[in-house]
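Novice: I am sharing target-v1.txt, which consists of compact mmCIF, C-alpha atoms:
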# COMPACT_ATOMS: atom_id res chain seq x y z
CA MET A 44 -34.94 -45.14 -17.19
CA LEU A 45 -37.03 -47.47 -15.10
CA SER A 46 -39.06 -46.59 -12.04
CA LEU A 47 -36.49 -45.36 -9.58
CA SER A 48 -37.69 -46.58 -6.23
CA ALA A 49 -38.14 -50.32 -6.62
CA THR A 50 -36.40 -51.24 -9.85
CA ALA A 51 -33.33 -49.01 -10.09
CA LEU A 52 -30.94 -51.94 -10.20
CA LEU A 53 -32.65 -53.38 -13.28
CA ASN A 54 -31.61 -50.30 -15.24
CA GLN A 55 -27.92 -50.73 -14.48
CA PRO A 56 -25.37 -52.45 -16.67
CA ALA A 57 -24.74 -56.06 -15.69
CA TRP A 58 -21.14 -55.28 -14.82
CA ALA A 59 -22.35 -52.57 -12.38
CA GLN A 60 -24.96 -54.80 -10.76
CA GLU A 61 -22.33 -57.24 -9.52
CA ASP A 62 -20.59 -54.49 -7.58
CA VAL A 63 -23.88 -53.17 -6.28
CA ALA A 64 -24.76 -56.58 -4.87
CA VAL A 65 -21.54 -56.55 -2.87
CA THR A 66 -21.42 -52.90 -1.94
CA ASP A 67 -25.05 -52.73 -0.81
CA GLU A 68 -24.16 -55.17 1.97
CA ALA A 69 -21.82 -52.53 3.34
CA VAL A 70 -24.52 -49.87 3.51
CA VAL A 71 -25.41 -49.70 7.19
CA VAL A 72 -29.09 -49.32 8.01
CA GLU A 73 -29.39 -47.69 11.38
CA GLU A 74 -31.97 -48.87 13.87
CA SER A 75 -33.59 -45.45 13.60
CA GLY A 76 -34.50 -46.21 9.98
CA ASP A 77 -31.73 -44.15 8.37
CA LEU A 78 -30.84 -45.82 5.09
CA GLY A 79 -27.20 -44.79 5.30
CA VAL A 80 -24.53 -42.99 3.33
CA GLY A 81 -25.27 -44.86 0.09
CA TYR A 82 -28.87 -43.71 0.20
CA ALA A 83 -27.83 -40.11 0.81
CA LEU A 84 -25.25 -40.17 -2.00
CA ASP A 85 -27.64 -41.69 -4.52
CA ASN A 86 -30.33 -39.13 -3.73
CA ALA A 87 -27.92 -36.18 -3.81
CA MET A 88 -26.42 -37.25 -7.13
CA LEU A 89 -29.81 -37.87 -8.71
CA PHE A 90 -31.02 -34.47 -7.51
CA LEU A 91 -27.95 -32.85 -9.08
CA ALA A 92 -28.60 -34.72 -12.34
CA ALA A 93 -32.22 -33.52 -12.31
CA VAL A 94 -31.06 -29.93 -11.82
CA LEU A 95 -28.78 -30.27 -14.87
CA VAL A 96 -31.69 -31.57 -16.93
CA PHE A 97 -33.83 -28.69 -15.65
CA PHE A 98 -31.17 -26.26 -16.90
CA MET A 99 -31.66 -27.71 -20.40
CA GLN A 100 -34.86 -25.64 -20.57
CA ALA A 101 -32.63 -22.58 -20.82
CA GLY A 102 -30.67 -24.26 -23.60
CA PHE A 103 -33.78 -25.04 -25.63
CA ALA A 104 -35.01 -21.47 -25.14
CA MET A 105 -31.73 -20.01 -26.42
CA VAL A 106 -31.44 -22.38 -29.41
CA GLU A 107 -35.00 -21.74 -30.52
CA ALA A 108 -34.85 -17.98 -29.99
CA GLY A 109 -31.53 -17.67 -31.81
CA PHE A 110 -32.64 -19.73 -34.80
CA ASN A 111 -35.82 -17.66 -35.24
CA SER A 112 -36.72 -14.08 -36.06
CA SER A 113 -36.24 -11.49 -33.35
CA LYS A 114 -39.91 -10.54 -33.64
CA ASN A 115 -40.82 -13.92 -32.12
CA ALA A 116 -38.18 -14.15 -29.37
CA VAL A 117 -40.54 -13.25 -26.49
CA ASN A 118 -43.06 -15.80 -27.73
CA ILE A 119 -40.44 -18.57 -27.76
CA LEU A 120 -39.17 -17.68 -24.31
CA PHE A 121 -42.76 -17.64 -23.05
CA LYS A 122 -43.47 -21.11 -24.44
CA ASN A 123 -40.32 -22.57 -22.92
CA SER A 124 -41.17 -20.98 -19.58
CA MET A 125 -44.71 -22.35 -19.62
CA ASP A 126 -43.57 -25.83 -20.67
CA ILE A 127 -41.76 -26.31 -17.38
CA CYS A 128 -44.50 -24.65 -15.31
CA VAL A 129 -47.35 -26.60 -16.89
CA GLY A 130 -45.23 -29.73 -17.09
CA VAL A 131 -44.27 -30.03 -13.44
CA LEU A 132 -47.82 -29.37 -12.21
CA LEU A 133 -49.56 -31.80 -14.54
CA PHE A 134 -46.88 -34.46 -14.29
CA TYR A 135 -47.27 -34.23 -10.52
CA ALA A 136 -51.06 -34.36 -10.60
CA ILE A 137 -51.59 -37.00 -13.32
CA GLY A 138 -48.54 -37.90 -15.38
CA PHE A 139 -46.43 -39.60 -12.72
CA GLY A 140 -49.30 -41.88 -11.72
CA LEU A 141 -49.78 -42.83 -15.37
CA MET A 142 -46.11 -43.42 -16.06
CA TYR A 143 -45.21 -45.31 -12.87
CA PRO A 144 -48.38 -47.01 -11.57
CA GLY A 145 -46.21 -49.76 -10.09
CA ASN A 146 -45.02 -47.26 -7.50
CA TYR A 147 -48.61 -47.10 -6.27
CA GLY A 148 -49.08 -50.85 -5.99
CA VAL A 149 -50.61 -51.51 -9.41
CA ASP A 150 -49.78 -54.88 -11.01
CA VAL A 151 -48.12 -53.62 -14.20
CA GLU A 152 -47.57 -57.09 -15.59
CA ALA A 153 -51.32 -57.54 -15.70
CA HIS A 154 -51.96 -54.01 -16.98
CA LYS A 155 -49.09 -53.62 -19.41
CA TYR A 156 -50.63 -51.15 -21.88
CA PHE A 157 -52.32 -48.63 -19.63
CA ALA A 158 -52.66 -48.17 -15.88
CA PHE A 159 -53.10 -45.34 -13.41
CA GLY A 160 -51.65 -45.41 -9.92
CA GLY A 161 -53.21 -42.28 -8.48
CA PHE A 162 -53.05 -38.50 -8.24
CA GLY A 163 -49.98 -36.76 -6.87
CA LEU A 164 -47.76 -38.74 -4.52
CA ASP A 165 -50.36 -39.58 -1.88
CA GLY A 166 -50.61 -43.22 -2.95
CA TYR A 167 -46.89 -43.68 -3.55
CA GLU A 168 -45.75 -46.82 -1.74
CA ALA A 169 -42.22 -46.14 -0.49
CA ALA A 170 -40.64 -49.48 0.38
CA ALA A 171 -38.56 -49.77 3.55
CA ASP A 172 -35.51 -50.73 1.47
CA ARG A 173 -36.10 -48.05 -1.17
CA THR A 174 -33.19 -46.54 -3.05
CA PHE A 175 -34.68 -43.05 -3.50
CA SER A 176 -37.06 -40.71 -1.74
CA PRO A 177 -40.42 -40.32 -3.50
CA GLU A 178 -39.74 -36.63 -4.10
CA VAL A 179 -36.43 -37.04 -5.92
CA ASP A 180 -37.99 -39.96 -7.83
CA TRP A 181 -40.73 -37.62 -9.08
CA PHE A 182 -38.41 -34.64 -9.68
CA PHE A 183 -36.01 -36.54 -11.94
CA GLN A 184 -38.91 -37.85 -14.03
CA ALA A 185 -40.70 -34.49 -14.17
CA VAL A 186 -37.81 -32.65 -15.82
CA PHE A 187 -37.68 -35.37 -18.49
CA ALA A 188 -41.38 -34.80 -19.20
CA ALA A 189 -40.78 -31.06 -19.57
CA THR A 190 -37.91 -31.75 -21.98
CA ALA A 191 -40.16 -33.82 -24.25
CA ALA A 192 -42.72 -31.01 -24.32
CA THR A 193 -40.35 -28.13 -25.04
CA ILE A 194 -38.82 -29.81 -28.12
CA VAL A 195 -41.99 -28.94 -30.05
CA SER A 196 -41.68 -25.20 -29.41
CA GLY A 197 -39.03 -24.68 -32.08
CA ALA A 198 -40.83 -26.74 -34.71
CA VAL A 199 -43.98 -24.59 -34.53
CA ALA A 200 -42.29 -21.24 -33.94
CA GLY A 201 -43.60 -18.05 -35.48
CA ARG A 202 -47.20 -18.98 -36.21
CA MET A 203 -48.99 -20.81 -33.38
CA LYS A 204 -51.36 -19.11 -30.96
CA VAL A 205 -50.33 -19.10 -27.32
CA GLY A 206 -53.56 -20.76 -26.14
CA ALA A 207 -53.18 -23.64 -28.58
CA TYR A 208 -49.60 -24.21 -27.47
CA LEU A 209 -50.60 -24.34 -23.81
CA ILE A 210 -53.26 -26.93 -24.62
CA TYR A 211 -50.71 -29.02 -26.51
CA SER A 212 -48.17 -28.79 -23.68
CA ALA A 213 -50.76 -29.86 -21.12
CA VAL A 214 -51.91 -32.88 -23.13
CA LEU A 215 -48.39 -34.09 -23.87
CA THR A 216 -47.05 -33.85 -20.31
CA ALA A 217 -50.22 -35.14 -18.61
CA PHE A 218 -51.08 -37.98 -21.00
CA VAL A 219 -49.15 -38.65 -24.21
CA TYR A 220 -45.61 -38.77 -22.80
CA PRO A 221 -46.55 -40.65 -19.58
CA VAL A 222 -48.40 -43.40 -21.46
CA SER A 223 -45.52 -44.24 -23.82
CA GLY A 224 -43.10 -43.72 -20.94
CA PHE A 225 -45.02 -46.35 -18.99
CA TRP A 226 -44.67 -48.78 -21.88
CA LYS A 227 -40.88 -48.75 -21.49
CA TRP A 228 -39.80 -47.31 -18.14
CA GLY A 229 -42.87 -47.95 -16.02
CA GLY A 230 -42.88 -51.72 -16.54
CA GLY A 231 -45.30 -51.83 -19.47
CA TRP A 232 -45.33 -54.02 -22.53
CA LEU A 233 -42.15 -52.67 -24.18
CA GLY A 234 -40.16 -53.03 -20.98
CA GLN A 235 -41.47 -56.57 -20.55
CA MET A 236 -40.41 -57.56 -24.08
CA GLY A 237 -36.85 -56.28 -23.52
CA PHE A 238 -36.92 -53.06 -25.55
CA ALA A 239 -33.81 -50.98 -24.74
CA ASP A 240 -33.79 -47.18 -24.43
CA PHE A 241 -31.44 -46.25 -21.61
CA ALA A 242 -32.11 -42.52 -21.22
CA GLY A 243 -34.77 -41.71 -23.78
CA SER A 244 -33.79 -41.42 -27.46
CA ALA A 245 -37.31 -42.62 -28.25
CA VAL A 246 -39.18 -42.15 -24.96
CA VAL A 247 -38.23 -38.46 -24.70
CA HIS A 248 -36.70 -37.19 -27.93
CA ALA A 249 -38.64 -39.08 -30.60
CA VAL A 250 -41.84 -38.22 -28.74
CA GLY A 251 -40.97 -34.51 -28.91
CA GLY A 252 -39.62 -34.73 -32.46
CA PHE A 253 -42.64 -36.51 -33.92
CA ALA A 254 -45.06 -34.31 -31.99
CA GLY A 255 -43.25 -31.34 -33.51
CA LEU A 256 -43.54 -32.87 -36.99
CA ALA A 257 -47.30 -33.28 -36.54
CA GLY A 258 -47.58 -29.66 -35.44
CA ALA A 259 -45.49 -28.35 -38.35
CA ILE A 260 -47.57 -30.30 -40.89
CA ILE A 261 -50.95 -29.16 -39.55
CA LEU A 262 -49.85 -25.54 -39.07
CA GLY A 263 -48.30 -25.17 -42.50
CA PRO A 264 -45.16 -23.13 -43.26
CA ARG A 265 -44.46 -19.56 -42.22
CA ILE A 266 -45.44 -16.86 -44.70
CA GLY A 267 -42.71 -16.58 -47.34
CA ARG A 268 -40.91 -19.79 -46.36
CA PHE A 269 -41.80 -21.53 -49.62
CA VAL A 270 -42.58 -19.53 -52.76
CA ASN A 271 -43.66 -21.22 -56.01
CA GLY A 272 -42.30 -24.51 -54.76
CA LYS A 273 -38.91 -23.01 -53.91
CA SER A 274 -37.42 -23.02 -50.41
CA ILE A 275 -36.63 -19.50 -49.19
CA PRO A 276 -34.19 -19.48 -46.23
CA MET A 277 -35.30 -17.47 -43.20
CA PRO A 278 -32.13 -17.14 -41.09
CA GLY A 279 -32.33 -16.79 -37.34
CA HIS A 280 -31.61 -13.43 -35.75
CA SER A 281 -28.76 -14.44 -33.38
CA MET A 282 -26.28 -17.22 -33.93
CA PRO A 283 -24.42 -16.35 -30.69
CA ILE A 284 -27.61 -17.00 -28.70
CA ALA A 285 -28.22 -20.27 -30.60
CA ALA A 286 -24.64 -21.42 -29.99
CA LEU A 287 -24.93 -20.60 -26.29
CA GLY A 288 -28.08 -22.70 -26.17
CA VAL A 289 -26.32 -25.70 -27.70
CA PHE A 290 -23.49 -25.49 -25.15
CA ILE A 291 -26.06 -25.29 -22.33
CA LEU A 292 -27.83 -28.36 -23.71
CA TRP A 293 -24.57 -30.31 -24.00
CA PHE A 294 -23.78 -29.37 -20.40
CA GLY A 295 -27.22 -30.44 -19.24
CA TRP A 296 -26.93 -33.75 -21.06
CA TYR A 297 -24.46 -34.88 -18.39
CA GLY A 298 -27.46 -35.00 -16.09
CA PHE A 299 -29.68 -36.56 -18.71
CA ASN A 300 -27.52 -39.56 -19.62
CA PRO A 301 -25.19 -40.25 -16.66
CA GLY A 302 -28.03 -39.46 -14.25
CA SER A 303 -30.08 -42.27 -15.78
CA GLN A 304 -27.64 -44.73 -14.24
CA LEU A 305 -29.80 -44.16 -11.10
CA ALA A 306 -27.20 -45.42 -8.62
CA PHE A 307 -23.80 -43.93 -7.76
CA HIS A 308 -22.47 -45.28 -4.48
CA SER A 309 -20.48 -48.33 -5.63
CA THR A 310 -17.40 -48.79 -7.78
CA GLY A 311 -19.47 -50.38 -10.50
CA ASP A 312 -22.00 -47.56 -10.39
CA ILE A 313 -19.35 -44.87 -10.84
CA ASP A 314 -17.53 -46.82 -13.56
CA ALA A 315 -20.80 -47.12 -15.48
CA THR A 316 -21.62 -43.43 -14.96
CA MET A 317 -18.23 -42.31 -16.23
CA HIS A 318 -18.48 -44.57 -19.26
CA ILE A 319 -21.86 -43.04 -20.07
CA ALA A 320 -20.34 -39.54 -19.80
CA MET A 321 -17.54 -40.64 -22.13
CA THR A 322 -19.80 -42.03 -24.86
CA THR A 323 -22.04 -38.97 -24.59
CA THR A 324 -19.07 -36.66 -25.15
CA LEU A 325 -17.66 -38.61 -28.09
CA ALA A 326 -21.00 -38.86 -29.90
CA ALA A 327 -21.61 -35.12 -29.54
CA GLY A 328 -18.14 -34.29 -30.84
CA ALA A 329 -18.50 -36.64 -33.81
CA GLY A 330 -21.92 -35.26 -34.63
CA GLY A 331 -20.69 -31.68 -34.61
CA ILE A 332 -17.57 -32.19 -36.73
CA VAL A 333 -19.19 -34.52 -39.27
CA ALA A 334 -22.20 -32.23 -39.79
CA THR A 335 -19.83 -29.30 -40.27
CA LEU A 336 -17.69 -31.19 -42.81
CA LEU A 337 -20.76 -32.39 -44.70
CA SER A 338 -22.17 -28.87 -44.91
CA TRP A 339 -18.77 -27.57 -46.06
CA PHE A 340 -18.67 -30.17 -48.82
CA MET A 341 -22.31 -29.68 -49.88
CA PHE A 342 -22.63 -25.89 -49.63
CA GLY A 343 -19.07 -24.67 -50.13
CA LYS A 344 -18.70 -23.16 -46.66
CA PRO A 345 -18.85 -24.62 -43.14
CA ASP A 346 -22.38 -23.96 -41.85
CA LEU A 347 -22.47 -23.15 -38.14
CA SER A 348 -26.17 -23.97 -37.80
CA MET A 349 -25.57 -27.43 -39.27
CA GLY A 350 -22.64 -27.99 -36.93
CA LEU A 351 -24.69 -26.99 -33.90
CA ASN A 352 -27.55 -29.25 -34.88
CA GLY A 353 -25.03 -32.02 -35.55
CA ILE A 354 -23.87 -31.75 -31.93
CA LEU A 355 -27.46 -32.06 -30.73
CA GLY A 356 -28.11 -34.95 -33.11
CA GLY A 357 -25.12 -36.84 -31.71
CA LEU A 358 -26.38 -36.26 -28.17
CA VAL A 359 -29.87 -37.48 -29.04
CA GLY A 360 -28.54 -40.53 -30.87
CA ILE A 361 -26.31 -41.73 -28.05
CA THR A 362 -28.98 -41.24 -25.39
CA ALA A 363 -30.55 -44.67 -25.89
CA CYS A 364 -27.29 -46.59 -26.03
CA CYS A 365 -24.78 -44.57 -24.00
CA ASP A 366 -24.51 -47.43 -21.48
CA CYS A 367 -23.85 -50.29 -23.91
CA MET A 368 -21.82 -48.78 -26.79
CA SER A 369 -18.05 -48.84 -26.75
CA ASN A 370 -16.22 -45.56 -27.14
CA ASN A 371 -15.53 -46.30 -30.81
CA MET A 372 -19.15 -47.24 -31.48
CA ALA A 373 -20.25 -44.00 -29.80
CA ILE A 374 -18.33 -42.12 -32.48
CA VAL A 375 -20.17 -44.15 -35.12
CA VAL A 376 -23.50 -43.27 -33.51
CA GLY A 377 -22.62 -39.57 -33.58
CA THR A 378 -21.40 -39.77 -37.17
CA VAL A 379 -24.61 -41.35 -38.45
CA SER A 380 -26.64 -38.86 -36.42
CA ALA A 381 -24.93 -35.98 -38.22
CA GLY A 382 -25.84 -37.45 -41.59
CA LEU A 383 -29.44 -37.90 -40.48
CA VAL A 384 -29.66 -34.28 -39.32
CA ILE A 385 -28.58 -32.88 -42.68
CA ALA A 386 -30.62 -35.40 -44.67
CA GLY A 387 -33.66 -34.65 -42.53
CA ILE A 388 -33.37 -30.89 -43.00
CA LEU A 389 -33.08 -31.32 -46.78
CA LEU A 390 -36.04 -33.74 -46.79
CA LEU A 391 -38.27 -31.30 -44.92
CA ASP A 392 -37.34 -28.59 -47.44
CA LYS A 393 -38.24 -30.94 -50.30
CA LEU A 394 -41.60 -31.74 -48.69
CA GLN A 395 -42.16 -28.05 -47.86
CA ILE A 396 -42.56 -28.73 -44.15
CA ASP A 397 -41.40 -25.75 -42.12
CA ASP A 398 -39.41 -26.70 -39.02
CA PRO A 399 -37.47 -23.52 -38.14
CA VAL A 400 -34.95 -25.15 -35.78
CA GLY A 401 -34.67 -28.67 -37.19
CA ALA A 402 -36.48 -30.24 -34.25
CA PHE A 403 -37.67 -33.24 -36.23
CA PRO A 404 -34.32 -34.16 -37.83
CA VAL A 405 -32.47 -33.71 -34.53
CA HIS A 406 -34.91 -35.26 -32.08
CA GLY A 407 -37.18 -37.34 -34.30
CA LEU A 408 -34.78 -39.00 -36.75
CA CYS A 409 -31.80 -39.20 -34.39
CA GLY A 410 -34.14 -40.44 -31.66
CA LEU A 411 -35.16 -43.32 -33.92
CA TRP A 412 -31.53 -44.01 -34.81
CA GLY A 413 -30.36 -44.09 -31.21
CA CYS A 414 -32.70 -46.96 -30.35
CA MET A 415 -32.20 -48.81 -33.63
CA ALA A 416 -28.41 -48.59 -33.25
CA ILE A 417 -28.70 -51.06 -30.36
CA GLY A 418 -30.15 -53.62 -32.75
CA ILE A 419 -27.77 -52.78 -35.61
CA LEU A 420 -24.30 -51.97 -34.27
CA PRO A 421 -22.17 -54.56 -32.49
CA ASN A 422 -21.95 -54.25 -28.72
CA THR A 423 -18.19 -54.11 -28.35
CA LEU A 424 -18.08 -52.92 -24.74
CA THR A 425 -16.10 -55.85 -23.39
CA ALA A 426 -17.01 -55.32 -19.74
CA GLY A 427 -20.42 -53.90 -20.45
CA PRO A 428 -24.03 -55.00 -20.59
CA GLU A 429 -25.56 -57.26 -23.18
CA PRO A 430 -28.97 -55.74 -23.95
CA SER A 431 -31.64 -58.46 -23.91
CA THR A 432 -33.14 -57.21 -27.14
CA SER A 433 -33.01 -57.70 -30.91
CA PHE A 434 -33.38 -55.70 -34.09
CA MET A 435 -37.07 -56.57 -34.29
CA THR A 436 -37.72 -55.71 -30.65
CA GLN A 437 -36.00 -52.36 -31.10
CA ALA A 438 -37.97 -51.66 -34.27
CA ILE A 439 -41.31 -52.47 -32.62
CA GLY A 440 -40.58 -50.34 -29.59
CA THR A 441 -39.07 -47.40 -31.44
CA PHE A 442 -41.80 -47.02 -34.03
CA SER A 443 -44.59 -47.72 -31.56
CA ILE A 444 -43.46 -44.80 -29.39
CA ALA A 445 -42.89 -42.46 -32.35
CA GLY A 446 -46.18 -43.47 -33.96
CA TRP A 447 -48.09 -42.92 -30.72
CA ALA A 448 -46.71 -39.38 -30.35
CA PHE A 449 -47.28 -38.45 -33.99
CA ALA A 450 -50.82 -39.87 -34.18
CA THR A 451 -52.07 -38.36 -30.94
CA MET A 452 -50.57 -34.95 -31.63
CA PHE A 453 -51.75 -34.97 -35.25
CA VAL A 454 -55.30 -35.49 -33.99
CA LEU A 455 -54.95 -32.82 -31.33
CA PHE A 456 -53.49 -30.20 -33.68
CA SER A 457 -56.19 -31.03 -36.25
CA ILE A 458 -58.91 -30.43 -33.65
CA LEU A 459 -57.33 -27.13 -32.64
CA LYS A 460 -57.13 -26.09 -36.29
CA ALA A 461 -60.76 -27.03 -36.93
CA ALA A 462 -61.75 -24.97 -33.88
CA GLY A 463 -59.93 -21.96 -35.34
CA ILE A 464 -57.57 -21.55 -32.40
CA LEU A 465 -54.33 -23.00 -33.79
CA ARG A 466 -52.67 -20.36 -35.98
CA VAL A 467 -52.42 -16.60 -35.74
CA SER A 468 -53.70 -14.42 -38.58
CA GLU A 469 -51.50 -13.40 -41.49
CA ALA A 470 -51.28 -9.85 -40.20
CA GLU A 471 -50.32 -11.03 -36.69
CA GLU A 472 -47.66 -13.35 -38.08
CA GLN A 473 -46.10 -10.58 -40.18
CA GLN A 474 -46.17 -8.21 -37.22
CA GLY A 475 -44.54 -10.82 -35.02
CA LEU A 476 -45.93 -12.86 -32.16
CA ASP A 477 -44.08 -10.82 -29.56
CA VAL A 478 -46.35 -7.84 -30.19
CA SER A 479 -49.52 -9.60 -31.40
CA GLU A 480 -49.59 -12.29 -28.69
CA HIS A 481 -47.72 -10.65 -25.81
CA GLY A 482 -47.76 -6.90 -26.40
CA MET A 483 -44.02 -6.52 -25.87
CA GLN A 484 -40.68 -6.64 -27.66
CA ALA A 485 -37.60 -8.70 -26.93
CA TYR A 486 -35.30 -5.84 -27.93
CA THR A 487 -36.61 -2.43 -26.93
CA GLY A 488 -35.68 0.57 -29.00
CA THR A 489 -35.49 -1.46 -32.20
CA PRO A 490 -37.58 0.21 -34.92
CA SER A 491 -38.15 -3.00 -36.90
CA TYR A 492 -37.60 -6.69 -36.54
CA SER A 493 -35.33 -8.91 -38.59
Show me the file's structure as structure tokens.

Specialist:
Amino acid sequence: MLSLSATALLNQPAWAQEDVAVTDEAVVVEESGDLGVGYALDNAMLFLAAVLVFFMQAGFAMVEAGFNSSKNAVNILFKNSMDICVGVLLFYAIGFGLMYPGNYGVDVEAHKYFAFGGFGLDGYEAAADRTFSPEVDWFFQAVFAATAATIVSGAVAGRMKVGAYLIYSAVLTAFVYPVSGFWKWGGGWLGQMGFADFAGSAVVHAVGGFAGLAGAIILGPRIGRFVNGKSIPMPGHSMPIAALGVFILWFGWYGFNPGSQLAFHSTGDIDATMHIAMTTTLAAGAGGIVATLLSWFMFGKPDLSMGLNGILGGLVGITACCDCMSNNMAIVVGTVSAGLVIAGILLLDKLQIDDPVGAFPVHGLCGLWGCMAIGILPNTLTAGPEPSTSFMTQAIGTFSIAGWAFATMFVLFSILKAAGILRVSEAEEQQGLDVSEHGMQAYTGTPSYS
């Protein structure tokens, strides 16, 4: 997703751009300065897409709460609530200027690794022929930043202090995510070299997944999760809540991926948007069914949690390439994502890294795969775009973004641990973070927690 105001057309498939060039001539610009029906439609559709992405916060909250103990449900809901509150304020104040300095007049070709446009939107230079209002430009990007931050919540559930989590959330949304986002979507060095990531398999999901991995490693596992080198399952308290969360996330993904088309008023725009919705749906379906079948084969019974994470893995995987994969290749992307989810969960168990919801396998590994699929799988979309990239370009971009998120968050979590403010005490963890950190219970009248 490129900067919306001045470079929206660059993010469209080539087959959509041809129609835009023709249709834009028909958009009447009134003498009063009104940019016309096309402008209104594009802004309204992008706002709707942003609202769908915003609703994904509810999905993450439900998935993470359902997959964890009931004694930590309030804590998880609190973290997801604060992610969006902290995220929108800091992304407004600092993050947007870091991620899109070109919107403020900065020469991003000359400053391709790091630049800062300014605080808030005061220095935003809205061109006379702009495609979007500055506010909807910011809003669509802000909900993406909040999504990257909230992915980590599930990976560190059940043992992190509230204060430490708020510090992490602030640093990621104000600095870490905007910097790597600038590299690709803000006109930085990865965008200039042709790296492809349409809606954020790496820019959003791998950032959250690898940040979560860093947090899980530094925190260490929950008490009782691994005993004498053996993995002890700690089932979540509500599979219905977790399943509801996955359906909410799938629903919200239709804002995440199709919304990243960034233009909707021409025939080509709508054709591209509908194709993106199609590939998104197929990848999710393939991820869910393949993960379920694999779990059935490996464990003797179909595992609902694996199937749900397989759906999410398929959605994450297709996010980078939903615009350029054919329908058949989208199924392949979802299928491989399902395998990566299960392999990743088993690998974390082997390494004794405690990730209660599978955030790293779903968002980290499938985020890597989504971008690498562009350099590996054939682009068989006959009318579609030909990404100006290569396997090596995709590898450089993908691992640079993931490495940046992991390294910066590893350092931050290490500092918080050294300061003694990262993890709750053993007694507080056993009591549950709802009571020890918040002084309340998710389910009143319950004598004990599961």

Novice: Pick out the closest residue to Thr316 of chain A from this set: A:Met415, A:Ala462, A:Cys365, A:Val246. Count only C-alpha atoms.

Specialist: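 Looking only at the distances to Thr316 of chain A, the closest residue turns out to be A:Cys365.
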
Novice: Taking (-23.0, -37.6, -19.4) in the file's coordinates, which residues come within 12 Å, counting all atoms listed in the file, written as a ChimeraX atom specification?

Specialist: /A:92,95-96,242,292-304,313,315-327,358-359,361-362,364-366

Novice: To one decimal place in Å, what is the distance between atom CA of Thr335 of chain A and atom CA of Met349 of chain A?

Specialist: 6.1 Å

Novice: From the options A:Glu107, A:Leu389, A:Val467, A:Leu262, which residue's atoms come nearest to Ala285 of chain A, counting only C-alpha atoms?

Specialist: A:Glu107

Novice: Contacts of Gly440 of chain A at 10 Å or less, counting all atoms listed in the file, minus same-chain residues fewer than 5 places along, as a PDB file with C-alpha atoms, keeping the file's coordinate frame?

Specialist:
ATOM      1  CA  SER A 223     -45.520 -44.240 -23.820  1.00  0.00           C
ATOM      2  CA  TRP A 226     -44.670 -48.780 -21.880  1.00  0.00           C
ATOM      3  CA  LYS A 227     -40.880 -48.750 -21.490  1.00  0.00           C
ATOM      4  CA  TRP A 232     -45.330 -54.020 -22.530  1.00  0.00           C
ATOM      5  CA  LEU A 233     -42.150 -52.670 -24.180  1.00  0.00           C
ATOM      6  CA  GLY A 234     -40.160 -53.030 -20.980  1.00  0.00           C
ATOM      7  CA  MET A 236     -40.410 -57.560 -24.080  1.00  0.00           C
ATOM      8  CA  GLY A 237     -36.850 -56.280 -23.520  1.00  0.00           C
ATOM      9  CA  PHE A 238     -36.920 -53.060 -25.550  1.00  0.00           C
ATOM     10  CA  ALA A 239     -33.810 -50.980 -24.740  1.00  0.00           C
ATOM     11  CA  ASP A 240     -33.790 -47.180 -24.430  1.00  0.00           C
ATOM     12  CA  ALA A 245     -37.310 -42.620 -28.250  1.00  0.00           C
ATOM     13  CA  VAL A 246     -39.180 -42.150 -24.960  1.00  0.00           C
ATOM     14  CA  LEU A 411     -35.160 -43.320 -33.920  1.00  0.00           C
ATOM     15  CA  CYS A 414     -32.700 -46.960 -30.350  1.00  0.00           C
ATOM     16  CA  MET A 415     -32.200 -48.810 -33.630  1.00  0.00           C
ATOM     17  CA  MET A 435     -37.070 -56.570 -34.290  1.00  0.00           C
ATOM     18  CA  ALA A 445     -42.890 -42.460 -32.350  1.00  0.00           C
ATOM     19  CA  GLY A 446     -46.180 -43.470 -33.960  1.00  0.00           C
TER      20      GLY A 446
END

Novice: Using the file's own x, y and z axes, so that the box edges lie along x, y and z, what centre and edge lengths in Å (one decimal) does a box around every listed atom of segment 283-302 of chain A get when 4 Å is added on each side? Give it as lines of an AutoDock Vina configuration file.

Specialist:
center_x = -26.6
center_y = -28.3
center_z = -22.5
size_x = 14.2
size_y = 31.9
size_z = 24.4

Novice: Give one line per residue of segment 194-265 of chain A that approaches segment 145-159 of chain A to at most 8 Å, naming the two atoms of the closest pair and their distance in Å to one decimal, counting all atoms listed in the file; sort by chain then ascending residue number and deliver it as CSV.

Specialist:
residue,atom,partner,partner_atom,distance
A:Val222,CA,A:Phe157,CA,6.8
A:Phe225,CA,A:Phe157,CA,7.7
A:Trp226,CA,A:Tyr156,CA,6.4
A:Gly229,CA,A:Gly145,CA,7.0
A:Gly230,CA,A:Val151,CA,6.0
A:Gly231,CA,A:Lys155,CA,4.2
A:Trp232,CA,A:Lys155,CA,4.9
A:Gln235,CA,A:Glu152,CA,7.9

Novice: Between atom CA of Ser309 of chain A and atom CA of Ala170 of chain A, measure the distance and give it in Å to one decimal.

Specialist: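 For atom CA of Ser309 of chain A relative to atom CA of Ala170 of chain A, the distance reads 21.1 Å.
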
Novice: For atom CA of Pro278 of chain A and atom CA of Met452 of chain A, quote the distance in Å rounded to one decimal.

Specialist: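 It comes out at 27.3 Å.
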
Novice: Tell me which of A:Leu337, A:Val400, A:Ile275, A:Ala249 sits closest to Gly413 of chain A, counting only C-alpha atoms.

Specialist: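 That would be A:Ala249, the residue with the smallest distance to Gly413 of chain A.
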
Novice: Would you mind listing what lies within 10 Å of Gly206 of chain A as a list in words, with only C-alpha atoms counted and same-chain residues fewer than 3 positions away left out?

Specialist: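 The contact residues come out as Met203, Leu209, Ile210, Tyr211, Ser212, Leu459, Ile464, Leu465, Arg466 and Glu480 of chain A.
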